[in-house]
>>> print(open('entry-v2.txt').read())   # compact mmCIF, C-alpha atoms
# COMPACT_ATOMS: atom_id res chain seq x y z
CA MET A 166 -62.73 107.15 18.34
CA THR A 167 -60.18 106.45 21.04
CA SER A 168 -57.37 104.01 20.41
CA LEU A 169 -57.96 100.45 21.63
CA LYS A 170 -54.22 99.86 22.07
CA PRO A 171 -53.33 99.18 25.70
CA PRO A 172 -51.07 101.84 27.23
CA ARG A 173 -47.37 101.01 26.99
CA PRO A 174 -45.96 99.96 30.36
CA SER A 175 -43.92 102.61 32.11
CA ALA A 176 -40.22 102.10 32.83
CA ARG A 177 -41.19 101.44 36.45
CA THR A 178 -43.61 98.67 35.47
CA LYS A 179 -41.08 97.18 33.04
CA LEU A 180 -38.50 97.05 35.83
CA LEU A 181 -40.98 95.46 38.24
CA ASP A 182 -41.99 92.86 35.63
CA ALA A 183 -38.31 92.10 35.02
CA ALA A 184 -37.74 91.77 38.78
CA LEU A 185 -40.59 89.26 39.11
CA ARG A 186 -39.08 87.11 36.39
CA ILE A 187 -35.36 87.36 37.16
CA ILE A 188 -35.57 87.17 40.97
CA ARG A 189 -37.75 84.06 40.69
CA GLU A 190 -35.10 82.60 38.35
CA LYS A 191 -31.95 83.28 40.34
CA GLY A 192 -32.84 84.95 43.60
CA PHE A 193 -32.45 88.47 44.95
CA SER A 194 -28.71 88.65 45.61
CA ALA A 195 -27.65 87.33 42.20
CA THR A 196 -29.92 89.81 40.40
CA SER A 197 -28.04 93.02 39.63
CA VAL A 198 -29.42 96.42 38.74
CA ASP A 199 -27.72 95.92 35.35
CA ASP A 200 -29.62 92.63 34.86
CA LEU A 201 -32.90 94.37 35.61
CA CYS A 202 -32.19 97.32 33.31
CA ALA A 203 -31.12 95.03 30.47
CA ALA A 204 -34.21 92.81 30.85
CA ALA A 205 -36.54 95.81 31.10
CA GLY A 206 -34.83 97.67 28.26
CA VAL A 207 -34.40 100.81 30.34
CA THR A 208 -31.38 102.87 31.36
CA LYS A 209 -29.72 102.86 34.75
CA GLY A 210 -30.78 106.49 35.01
CA ALA A 211 -34.41 105.38 34.67
CA PHE A 212 -33.86 102.75 37.35
CA PHE A 213 -32.56 105.27 39.87
CA HIS A 214 -35.25 107.73 38.89
CA HIS A 215 -37.85 105.21 40.09
CA PHE A 216 -35.98 103.37 42.85
CA LYS A 217 -33.46 104.58 45.42
CA SER A 218 -31.67 101.21 45.43
CA LYS A 219 -32.01 97.53 44.57
CA ASP A 220 -33.50 97.02 48.06
CA ASP A 221 -36.09 99.69 47.31
CA LEU A 222 -36.94 97.90 44.02
CA ALA A 223 -37.28 94.58 45.88
CA VAL A 224 -39.79 96.03 48.36
CA ALA A 225 -41.76 97.55 45.47
CA ALA A 226 -41.56 94.23 43.58
CA ALA A 227 -43.02 92.32 46.56
CA ASP A 228 -45.88 94.84 46.82
CA TYR A 229 -46.40 94.70 43.02
CA TRP A 230 -46.45 90.90 43.27
CA SER A 231 -49.13 91.12 45.99
CA THR A 232 -51.25 93.42 43.82
CA LEU A 233 -50.91 91.26 40.68
CA THR A 234 -51.56 87.96 42.42
CA GLY A 235 -54.31 89.54 44.51
CA GLY A 236 -56.18 90.48 41.34
CA PHE A 237 -55.47 87.11 39.76
CA PHE A 238 -56.89 85.14 42.70
CA ALA A 239 -59.81 87.52 43.19
CA ALA A 240 -60.88 86.79 39.58
CA ALA A 241 -60.72 82.99 39.98
CA GLY A 242 -63.90 80.95 39.84
CA TYR A 243 -63.71 79.24 43.23
CA HIS A 244 -65.17 82.26 45.03
CA THR A 245 -68.60 81.54 43.52
CA HIS A 246 -69.15 78.34 45.54
CA ALA A 247 -71.92 78.81 48.09
CA ASP A 248 -70.36 76.53 50.70
CA PRO A 249 -67.15 77.98 52.18
CA VAL A 250 -65.64 74.47 52.35
CA ASP A 251 -66.02 74.31 48.58
CA ARG A 252 -64.34 77.69 48.29
CA VAL A 253 -61.36 76.49 50.37
CA LEU A 254 -61.08 73.24 48.41
CA GLY A 255 -61.66 75.16 45.17
CA TYR A 256 -58.79 77.46 46.11
CA ILE A 257 -56.48 74.47 46.68
CA ALA A 258 -57.58 72.87 43.40
CA PHE A 259 -56.93 76.18 41.64
CA ARG A 260 -53.43 76.39 43.16
CA ARG A 261 -52.83 72.86 41.89
CA ALA A 262 -54.11 73.73 38.40
CA ILE A 263 -51.75 76.70 38.00
CA ILE A 264 -48.62 74.63 38.62
CA GLN A 265 -47.89 74.81 34.90
CA GLY A 266 -45.01 75.74 32.61
CA PRO A 267 -41.44 76.53 33.61
CA VAL A 268 -40.55 76.67 37.33
CA PRO A 269 -39.97 80.45 37.59
CA GLN A 270 -43.46 80.98 36.18
CA PHE A 271 -45.41 79.12 38.86
CA THR A 272 -43.22 79.80 41.91
CA CYS A 273 -43.54 82.62 44.42
CA LEU A 274 -41.52 85.85 44.43
CA ALA A 275 -42.06 86.43 48.15
CA GLY A 276 -41.12 82.89 49.18
CA THR A 277 -37.98 83.05 47.06
CA MET A 278 -36.80 86.49 48.18
CA VAL A 279 -37.43 85.97 51.88
CA GLN A 280 -35.00 83.03 52.00
CA GLU A 281 -32.06 85.33 51.30
CA THR A 282 -33.23 88.52 52.97
CA TYR A 283 -34.97 87.57 56.24
CA ASP A 284 -31.90 88.18 58.37
CA SER A 285 -30.14 90.97 56.48
CA HIS A 286 -32.86 93.09 54.80
CA PRO A 287 -35.76 93.70 57.21
CA ALA A 288 -37.74 95.92 54.81
CA ILE A 289 -37.68 93.24 52.10
CA ARG A 290 -38.50 90.52 54.62
CA ASP A 291 -41.49 92.55 55.85
CA ALA A 292 -42.75 93.10 52.28
CA CYS A 293 -42.49 89.34 51.62
CA ALA A 294 -44.23 88.56 54.92
CA ARG A 295 -47.05 90.99 54.03
CA SER A 296 -47.47 89.34 50.65
CA ILE A 297 -47.71 85.83 52.12
CA THR A 298 -49.79 86.65 55.20
CA GLU A 299 -52.29 88.92 53.40
CA HIS A 300 -52.88 86.18 50.84
CA ALA A 301 -53.27 83.64 53.67
CA ALA A 302 -55.77 85.96 55.40
CA ARG A 303 -58.12 85.67 52.40
CA VAL A 304 -57.97 81.87 52.62
CA GLU A 305 -58.44 82.15 56.39
CA ALA A 306 -61.72 84.07 55.93
CA ASP A 307 -63.22 81.14 53.98
CA ILE A 308 -61.81 78.59 56.44
CA ALA A 309 -63.32 80.54 59.37
CA GLN A 310 -66.73 80.58 57.64
CA ALA A 311 -66.40 76.87 56.87
CA MET A 312 -65.62 76.18 60.54
CA ALA A 313 -68.60 78.27 61.67
CA ILE A 314 -71.00 76.38 59.40
CA HIS A 315 -69.64 72.84 59.60
CA GLN A 316 -68.22 72.96 63.13
CA PRO A 317 -65.45 70.38 62.72
CA LYS A 318 -63.93 69.13 65.96
CA ALA A 319 -60.85 71.32 65.68
CA ASP A 320 -57.77 71.74 67.86
CA TRP A 321 -56.47 74.08 65.16
CA THR A 322 -57.37 77.63 64.13
CA ALA A 323 -58.48 79.00 60.77
CA ARG A 324 -55.31 81.10 60.73
CA SER A 325 -52.98 78.16 61.32
CA LEU A 326 -54.68 76.11 58.60
CA ALA A 327 -54.50 79.05 56.16
CA LEU A 328 -50.79 79.47 56.90
CA HIS A 329 -50.32 75.71 56.50
CA THR A 330 -51.77 75.90 52.97
CA GLN A 331 -49.08 78.48 52.17
CA ALA A 332 -46.34 76.36 53.75
CA VAL A 333 -47.31 73.38 51.60
CA LEU A 334 -47.27 75.52 48.46
CA GLN A 335 -43.92 77.15 49.28
CA GLY A 336 -42.40 73.79 50.15
CA ALA A 337 -43.84 72.22 46.99
CA PHE A 338 -42.08 74.92 44.96
CA ILE A 339 -38.77 74.11 46.65
CA LEU A 340 -39.16 70.42 45.78
CA ALA A 341 -39.99 71.34 42.17
CA LYS A 342 -36.87 73.50 42.03
CA ALA A 343 -34.68 70.77 43.54
CA THR A 344 -35.97 67.91 41.38
CA GLY A 345 -37.05 69.77 38.24
CA ASP A 346 -40.29 67.77 38.51
CA ARG A 347 -43.44 69.79 38.89
CA ALA A 348 -45.48 66.59 39.35
CA ILE A 349 -43.96 66.39 42.84
CA ALA A 350 -45.36 69.84 43.62
CA VAL A 351 -48.77 68.75 42.29
CA ASP A 352 -48.66 65.66 44.53
CA CYS A 353 -47.94 67.83 47.57
CA VAL A 354 -50.97 69.98 46.80
CA ASN A 355 -53.01 66.78 46.41
CA HIS A 356 -51.95 65.80 49.92
CA LEU A 357 -53.02 69.25 51.15
CA TYR A 358 -56.39 68.87 49.41
CA ARG A 359 -56.93 65.45 50.99
CA TYR A 360 -56.02 66.82 54.42
CA VAL A 361 -58.38 69.80 54.28
CA ALA A 362 -61.21 67.71 52.81
CA GLY A 363 -60.68 65.22 55.65
CA LEU A 364 -60.76 67.92 58.34
CA PHE A 365 -64.23 68.96 57.21
CA ALA A 366 -65.57 65.65 55.89
CA CYS A 367 -65.15 64.18 59.38
CA GLU A 368 -68.39 65.95 60.23
CA PRO A 369 -71.61 64.40 58.93
CA LYS A 370 -72.90 67.89 58.10
CA VAL A 371 -70.37 68.12 55.29
CA GLU A 372 -71.81 65.13 53.48
CA GLU A 373 -73.84 67.28 51.15
CA THR A 374 -70.80 69.28 49.99
CA ASN A 375 -68.91 68.22 46.93
CA VAL A 376 -65.34 67.58 48.02
CA SER A 377 -64.18 65.30 45.21
CA PRO A 378 -60.68 66.27 44.05
CA MET B 188 -2.87 57.03 77.67
CA THR B 189 -4.12 58.66 74.51
CA SER B 190 -5.48 62.19 74.68
CA LEU B 191 -9.24 62.51 75.09
CA LYS B 192 -9.26 65.91 73.41
CA PRO B 193 -11.25 65.85 70.18
CA PRO B 194 -9.11 66.47 67.10
CA ARG B 195 -9.09 70.09 65.96
CA PRO B 196 -11.25 70.58 62.88
CA SER B 197 -9.32 70.92 59.64
CA ALA B 198 -9.48 74.11 57.56
CA ARG B 199 -11.83 72.24 55.21
CA THR B 200 -14.24 71.36 58.03
CA LYS B 201 -14.07 74.89 59.43
CA LEU B 202 -14.99 76.27 56.00
CA LEU B 203 -17.87 73.80 55.63
CA ASP B 204 -19.18 74.64 59.12
CA ALA B 205 -18.98 78.35 58.26
CA ALA B 206 -20.85 77.69 55.00
CA LEU B 207 -23.67 75.91 56.82
CA ARG B 208 -24.12 78.86 59.14
CA ILE B 209 -23.64 81.79 56.75
CA ILE B 210 -25.53 80.39 53.74
CA ARG B 211 -28.50 79.58 56.00
CA GLU B 212 -28.33 83.18 57.26
CA LYS B 213 -28.10 85.08 53.99
CA GLY B 214 -28.21 82.66 51.10
CA PHE B 215 -25.64 81.38 48.64
CA SER B 216 -25.18 84.40 46.37
CA ALA B 217 -24.67 86.91 49.17
CA THR B 218 -22.05 84.70 50.84
CA SER B 219 -18.57 85.56 49.57
CA VAL B 220 -15.38 83.52 49.77
CA ASP B 221 -14.06 86.32 52.00
CA ASP B 222 -17.05 85.90 54.36
CA LEU B 223 -16.36 82.18 54.60
CA CYS B 224 -12.63 82.61 55.21
CA ALA B 225 -13.23 85.27 57.88
CA ALA B 226 -15.85 83.14 59.66
CA ALA B 227 -13.69 80.01 59.47
CA GLY B 228 -10.52 81.87 60.46
CA VAL B 229 -8.59 80.50 57.49
CA THR B 230 -6.76 82.13 54.61
CA LYS B 231 -7.99 82.46 51.06
CA GLY B 232 -5.09 80.25 50.10
CA ALA B 233 -6.49 77.52 52.35
CA PHE B 234 -9.93 77.98 50.77
CA PHE B 235 -8.60 77.45 47.25
CA HIS B 236 -6.43 74.59 48.43
CA HIS B 237 -9.61 72.72 49.42
CA PHE B 238 -12.15 74.06 46.92
CA LYS B 239 -11.83 75.02 43.28
CA SER B 240 -14.49 77.71 43.61
CA LYS B 241 -17.44 78.91 45.71
CA ASP B 242 -19.66 76.59 43.63
CA ASP B 243 -17.39 73.67 44.51
CA LEU B 244 -17.64 74.61 48.22
CA ALA B 245 -21.44 74.78 47.93
CA VAL B 246 -21.67 71.25 46.50
CA ALA B 247 -19.36 69.99 49.28
CA ALA B 248 -21.43 71.89 51.86
CA ALA B 249 -24.66 70.23 50.67
CA ASP B 250 -23.01 66.80 50.90
CA TYR B 251 -21.53 67.65 54.32
CA TRP B 252 -25.02 68.79 55.40
CA SER B 253 -26.45 65.44 54.27
CA THR B 254 -23.80 63.56 56.24
CA LEU B 255 -24.27 65.61 59.41
CA THR B 256 -28.07 65.55 59.36
CA GLY B 257 -28.05 61.88 58.29
CA GLY B 258 -26.10 60.99 61.45
CA PHE B 259 -28.26 63.26 63.59
CA PHE B 260 -31.53 61.67 62.42
CA ALA B 261 -30.12 58.14 62.51
CA ALA B 262 -29.34 58.64 66.22
CA ALA B 263 -32.85 59.90 67.09
CA GLY B 264 -35.11 57.80 69.30
CA TYR B 265 -38.09 57.40 66.95
CA HIS B 266 -36.43 54.52 65.10
CA THR B 267 -36.95 52.24 68.09
CA HIS B 268 -40.76 52.12 67.74
CA ALA B 269 -41.92 48.66 66.69
CA ASP B 270 -44.84 49.91 64.59
CA PRO B 271 -43.69 51.77 61.46
CA VAL B 272 -46.62 54.22 61.82
CA ASP B 273 -45.16 55.21 65.18
CA ARG B 274 -41.77 55.65 63.54
CA VAL B 275 -43.26 57.98 60.91
CA LEU B 276 -45.22 59.97 63.51
CA GLY B 277 -42.19 59.90 65.81
CA TYR B 278 -40.12 61.36 62.98
CA ILE B 279 -42.63 64.20 62.50
CA ALA B 280 -42.77 64.86 66.26
CA PHE B 281 -38.96 64.92 66.32
CA ARG B 282 -38.89 67.43 63.44
CA ARG B 283 -41.34 69.56 65.42
CA ALA B 284 -39.24 69.30 68.60
CA ILE B 285 -36.06 70.55 66.90
CA ILE B 286 -37.66 73.80 65.69
CA GLN B 287 -35.74 75.63 68.40
CA GLY B 288 -33.44 78.61 68.71
CA PRO B 289 -32.61 81.18 66.05
CA VAL B 290 -34.00 80.67 62.51
CA PRO B 291 -30.68 79.86 60.76
CA GLN B 292 -30.14 77.07 63.31
CA PHE B 293 -33.30 75.06 62.56
CA THR B 294 -33.68 75.74 58.83
CA CYS B 295 -32.36 73.68 55.94
CA LEU B 296 -29.19 74.40 53.97
CA ALA B 297 -30.41 72.49 50.91
CA GLY B 298 -33.83 74.13 50.81
CA THR B 299 -32.25 77.56 51.13
CA MET B 300 -29.52 77.08 48.52
CA VAL B 301 -31.73 75.47 45.91
CA GLN B 302 -33.99 78.53 45.71
CA GLU B 303 -31.17 80.59 44.23
CA THR B 304 -29.29 77.96 42.28
CA TYR B 305 -31.84 75.64 40.66
CA ASP B 306 -31.76 77.43 37.32
CA SER B 307 -28.18 78.70 37.18
CA HIS B 308 -25.99 76.16 39.08
CA PRO B 309 -26.99 72.59 38.15
CA ALA B 310 -24.28 70.92 40.28
CA ILE B 311 -25.44 72.77 43.41
CA ARG B 312 -29.09 72.10 42.58
CA ASP B 313 -28.32 68.38 42.20
CA ALA B 314 -26.46 68.29 45.53
CA CYS B 315 -29.44 69.99 47.23
CA ALA B 316 -31.87 67.60 45.52
CA ARG B 317 -29.77 64.62 46.68
CA SER B 318 -29.81 65.91 50.25
CA ILE B 319 -33.60 66.37 50.30
CA THR B 320 -34.57 63.23 48.39
CA GLU B 321 -32.17 60.89 50.23
CA HIS B 322 -33.56 62.11 53.53
CA ALA B 323 -37.11 61.66 52.20
CA ALA B 324 -36.23 58.12 51.09
CA ARG B 325 -35.54 57.15 54.72
CA VAL B 326 -38.96 58.44 55.75
CA GLU B 327 -40.46 56.68 52.72
CA ALA B 328 -39.10 53.31 53.91
CA ASP B 329 -41.06 53.60 57.18
CA ILE B 330 -44.18 54.86 55.35
CA ALA B 331 -43.99 51.91 52.95
CA GLN B 332 -43.76 49.47 55.86
CA ALA B 333 -46.63 51.24 57.61
CA MET B 334 -48.73 50.91 54.43
CA ALA B 335 -47.87 47.22 54.12
CA ILE B 336 -48.92 46.50 57.69
CA HIS B 337 -51.93 48.79 58.11
CA GLN B 338 -53.13 48.83 54.50
CA PRO B 339 -54.79 52.24 54.48
CA LYS B 340 -57.08 52.89 51.52
CA ALA B 341 -54.52 54.99 49.67
CA ASP B 342 -54.61 56.84 46.35
CA TRP B 343 -51.14 58.12 47.25
CA THR B 344 -47.71 56.50 47.32
CA ALA B 345 -45.19 56.20 50.16
CA ARG B 346 -42.81 58.30 48.08
CA SER B 347 -45.28 61.14 47.54
CA LEU B 348 -46.16 61.24 51.25
CA ALA B 349 -42.48 61.25 52.21
CA LEU B 350 -41.82 64.14 49.82
CA HIS B 351 -44.89 65.92 51.20
CA THR B 352 -43.39 65.76 54.72
CA GLN B 353 -40.33 67.54 53.32
CA ALA B 354 -42.45 70.14 51.51
CA VAL B 355 -44.30 70.99 54.73
CA LEU B 356 -41.01 71.37 56.61
CA GLN B 357 -39.39 73.51 53.91
CA GLY B 358 -42.51 75.69 53.64
CA ALA B 359 -42.73 75.97 57.42
CA PHE B 360 -39.15 77.31 57.44
CA ILE B 361 -40.09 79.94 54.83
CA LEU B 362 -43.02 81.11 56.96
CA ALA B 363 -40.75 81.28 60.03
CA LYS B 364 -38.27 83.38 58.03
CA ALA B 365 -40.99 85.70 56.74
CA THR B 366 -42.77 86.23 60.05
CA GLY B 367 -39.92 85.73 62.53
CA ASP B 368 -42.32 83.44 64.40
CA ARG B 369 -41.23 79.85 64.80
CA ALA B 370 -44.58 78.95 66.40
CA ILE B 371 -46.06 79.19 62.89
CA ALA B 372 -43.59 76.55 61.71
CA VAL B 373 -44.50 74.34 64.68
CA ASP B 374 -48.21 74.72 63.80
CA CYS B 375 -47.51 73.61 60.22
CA VAL B 376 -45.76 70.49 61.49
CA ASN B 377 -48.74 69.87 63.78
CA HIS B 378 -51.00 69.94 60.71
CA LEU B 379 -48.68 67.46 59.01
CA TYR B 380 -48.79 65.20 62.07
CA ARG B 381 -52.59 65.31 62.15
CA TYR B 382 -52.73 64.51 58.42
CA VAL B 383 -50.42 61.51 58.58
CA ALA B 384 -52.08 60.19 61.76
CA GLY B 385 -55.44 60.53 59.98
CA LEU B 386 -54.25 58.66 56.89
CA PHE B 387 -53.37 55.64 59.01
CA ALA B 388 -55.94 55.97 61.80
CA CYS B 389 -58.68 55.52 59.18
CA GLU B 390 -57.90 51.84 59.46
CA PRO B 391 -59.23 50.04 62.55
CA LYS B 392 -55.92 48.11 62.77
CA VAL B 393 -54.16 51.27 63.83
CA GLU B 394 -56.25 51.61 66.98
CA GLU B 395 -53.63 50.00 69.14
CA THR B 396 -50.89 52.44 68.08
CA ASN B 397 -50.27 55.55 70.07
CA VAL B 398 -50.72 58.46 67.67
CA SER B 399 -51.38 61.28 70.11
CA PRO B 400 -49.43 64.40 69.18
>>> encode(input="entry-v2.txt", output="C-alpha cells")
Amino acid sequence: MTSLKPPRPSARTKLLDAALRIIREKGFSATSVDDLCAAAGVTKGAFFHHFKSKDDLAVAAADYWSTLTGGFFAAAGYHTHADPVDRVLGYIAFRRAIIQGPVPQFTCLAGTMVQETYDSHPAIRDACARSITEHAARVEADIAQAMAIHQPKADWTARSLALHTQAVLQGAFILAKATGDRAIAVDCVNHLYRYVAGLFACEPKVEETNVSP
Amino acid sequence: MTSLKPPRPSARTKLLDAALRIIREKGFSATSVDDLCAAAGVTKGAFFHHFKSKDDLAVAAADYWSTLTGGFFAAAGYHTHADPVDRVLGYIAFRRAIIQGPVPQFTCLAGTMVQETYDSHPAIRDACARSITEHAARVEADIAQAMAIHQPKADWTARSLALHTQAVLQGAFILAKATGDRAIAVDCVNHLYRYVAGLFACEPKVEETNVSP
C-alpha cells in the first residue's frame, strides 16, 4: 500500500506560501528575504537556490497566486448555472461570501504588490497585471455570453464590466484595510451585485433568471 | 505695496510635498528619509526638526493630503447644482475628469499607504482611514439629501454608497497601476456613474434632473 500522507511542501513552495501571507500583511518592500526564510523555516541558501532575488520571488509569488486562486475559483459552484447572468451574479456572490476572517486572508496579493511596484519594478507589475487581468478575462467570458443571450442595451463592453468587478473588489479591500471593518467591503460587493443585476434585469428577457442577492 | 510673490514653502511643506509625490510613486516602505530630504532639498537635520520619524511624517502627510484634497474638492463646480443627485453625479464626473497625467499624479496617497501599513503601523492606518472616510462623508451628505428628496427604493444606506464610490476609485487606481492604462480607470468610474444614476433614475421624480454622463 502506498502512503496516504500528502507530500511535504518543498522549500520553494514554503517560501511562496510565506510570501503570500507576509506580503499581504505588510507589503512587498517591508518584507525581507530574512522574514520569508524565517516564516518558511528554510535557510537563506535555500532561498537563493530557488530565487535569484526578492524581485524574482515576487514574480513567482504572483504567478503562484494566479495558479492557486485560478484553481480555487474554477472549483466554485457558480459555474454550474445554466444562464450566464446567473454565473456572473454567482461569481459576485461567491466573492462576497469569501470576505471572511482576518484581512490578509481575504485580500489580494497582486492588488497589494502592484501599489508599491508599478513604477519601479516592471516585472513584478506585469506579473500582478497578468494575475488580475487573466482572472477578469474568465469573468468577461460569462459576461459576454450573458450579453449575447440577454442583449442588454449596453454602452459598455464585457471587458470593461469584468475589470470593474475587479476594481470594486480591490477597492473594497483597501476600505477594509483602512477601517478594519470587513462589513464595508461586503457592502461594496453588494453594490456591485445590485449594479450588475440591474444592467441585465433592465431587459424583460432576464425576468426568468434568478437574480435575488 | 506689499509683495505679490507667494511665500516660499517651509522645509516642512517641502518635505510633505515630496512625501505626496514619492510615496504615491513607490509606496511608504520603499521611501527613505534620505529620498525625502533629497527630493525636498532639505537636510536630515531639518527633517528631524519637523518630524520625529518617518512614521510621524507619514501621519502628517496623510493629514496634509486630506487638507489639500479637501480644499481642491470644495472649490469644484459640482457643489453649485441645486439637486443633490446632480451634485453626487457631478462629483463622480469630476473624479473621472481628473484622471489625467501620470499615474502618481491622479492616484491616492491614503489608499496607497494603507495597503502597506494597516497591520503594522496603526497611527498611519488611522490617518489614511480618516482621509478616506472624511472625504466619503462629504459625498454621503449629498447622497443623503438626494435620498430624502427623491426617495429611491433603497436597501442601501447613504454611507455605504458613499464608501462604495471610494472603493471604485481606489480599485480603479490599482487597475491603472497594474495595466498602465488610465482609460481602464475612467471606464470603472463610468460604471460607477451609471450605477448611481440608475439608483436614482428608478424614481420618476428624477426625470427632470440631467443625469447624462
>>> interface_residues(input="entry-v2.txt", of="chain B", to="chain A", cutoff="7 Å", atoms="all atoms listed in the file", output="JSON, numbers by chain")
{"B": [212, 213, 214, 216, 217, 298, 299, 301, 302, 303, 304, 305, 306, 307, 312, 313, 315, 316, 347, 351, 354, 355, 357, 358, 359, 361, 362, 364, 365, 366, 374, 375, 382]}
>>> residues_near_point(input="entry-v2.txt", point="(-12.4, 81.7, 54.3)", cutoff="12 Å", atoms="all atoms listed in the file", output="ChimeraX atom specification")
/B:198-206,209,218-238,240-241,244
>>> atom_distance(input="entry-v2.txt", atom1="atom CA of Phe271 of chain A", atom2="atom CA of Ala241 of chain A")
15.8 Å
>>> atom_distance(input="entry-v2.txt", atom1="atom CA of Tyr278 of chain B", atom2="atom CA of Val304 of chain A")
29.1 Å
>>> axis_aligned_box(input="entry-v2.txt", around="segment 331-347 of chain A", padding_each_side="8 Å", output="JSON")
{"center_x": -41.9, "center_y": 73.1, "center_z": 46.0, "size_x": 30.4, "size_y": 26.7, "size_z": 31.5}
>>> atom_distance(input="entry-v2.txt", atom1="atom CA of Gly257 of chain B", atom2="atom CA of Ala335 of chain B")
25.0 Å
>>> residues_around(input="entry-v2.txt", residues="Ala333 of chain B", least_positions_apart="5", cutoff="10 Å", atoms="only C-alpha atoms", output="number ranges by chain")
B: 270-275, 327-328, 338-339, 345, 387, 393
>>> closest_residue(input="entry-v2.txt", among="A:Ala366, A:Ala226, A:Ala301, A:Ala240", to="Leu274 of chain A", atoms="only C-alpha atoms")
A:Ala226
>>> decode(input="entry-v2.txt", residues="segment 234-261 of chain B", atoms="C-alpha atoms", output="short mmCIF file (atom, residue, chain, number, x, y, z; two decimals), in the first residue's frame")
data_model
loop_
_atom_site.label_atom_id
_atom_site.label_comp_id
_atom_site.auth_asym_id
_atom_site.auth_seq_id
_atom_site.Cartn_x
_atom_site.Cartn_y
_atom_site.Cartn_z
CA PHE B 234 13.65 66.55 8.64
CA PHE B 235 14.12 65.55 12.28
CA HIS B 236 13.44 69.10 13.41
CA HIS B 237 9.93 68.79 11.93
CA PHE B 238 9.23 65.06 12.30
CA LYS B 239 10.14 62.58 15.00
CA SER B 240 10.37 59.73 12.50
CA LYS B 241 9.31 58.56 9.03
CA ASP B 242 6.09 57.26 10.64
CA ASP B 243 5.43 60.71 12.06
CA LEU B 244 5.98 62.25 8.60
CA ALA B 245 3.57 59.71 7.08
CA VAL B 246 0.78 60.63 9.51
CA ALA B 247 1.39 64.33 8.79
CA ALA B 248 1.45 63.59 5.04
CA ALA B 249 -1.95 61.85 5.22
CA ASP B 250 -3.40 64.83 7.11
CA TYR B 251 -1.76 67.28 4.67
CA TRP B 252 -3.24 65.21 1.81
CA SER B 253 -6.69 65.49 3.40
CA THR B 254 -6.32 69.27 3.72
CA LEU B 255 -5.09 69.75 0.15
CA THR B 256 -7.67 67.47 -1.47
CA GLY B 257 -10.39 68.84 0.84
CA GLY B 258 -9.74 72.36 -0.50
CA PHE B 259 -9.48 71.10 -4.07
CA PHE B 260 -12.85 69.31 -3.95
CA ALA B 261 -14.54 72.11 -2.02
#
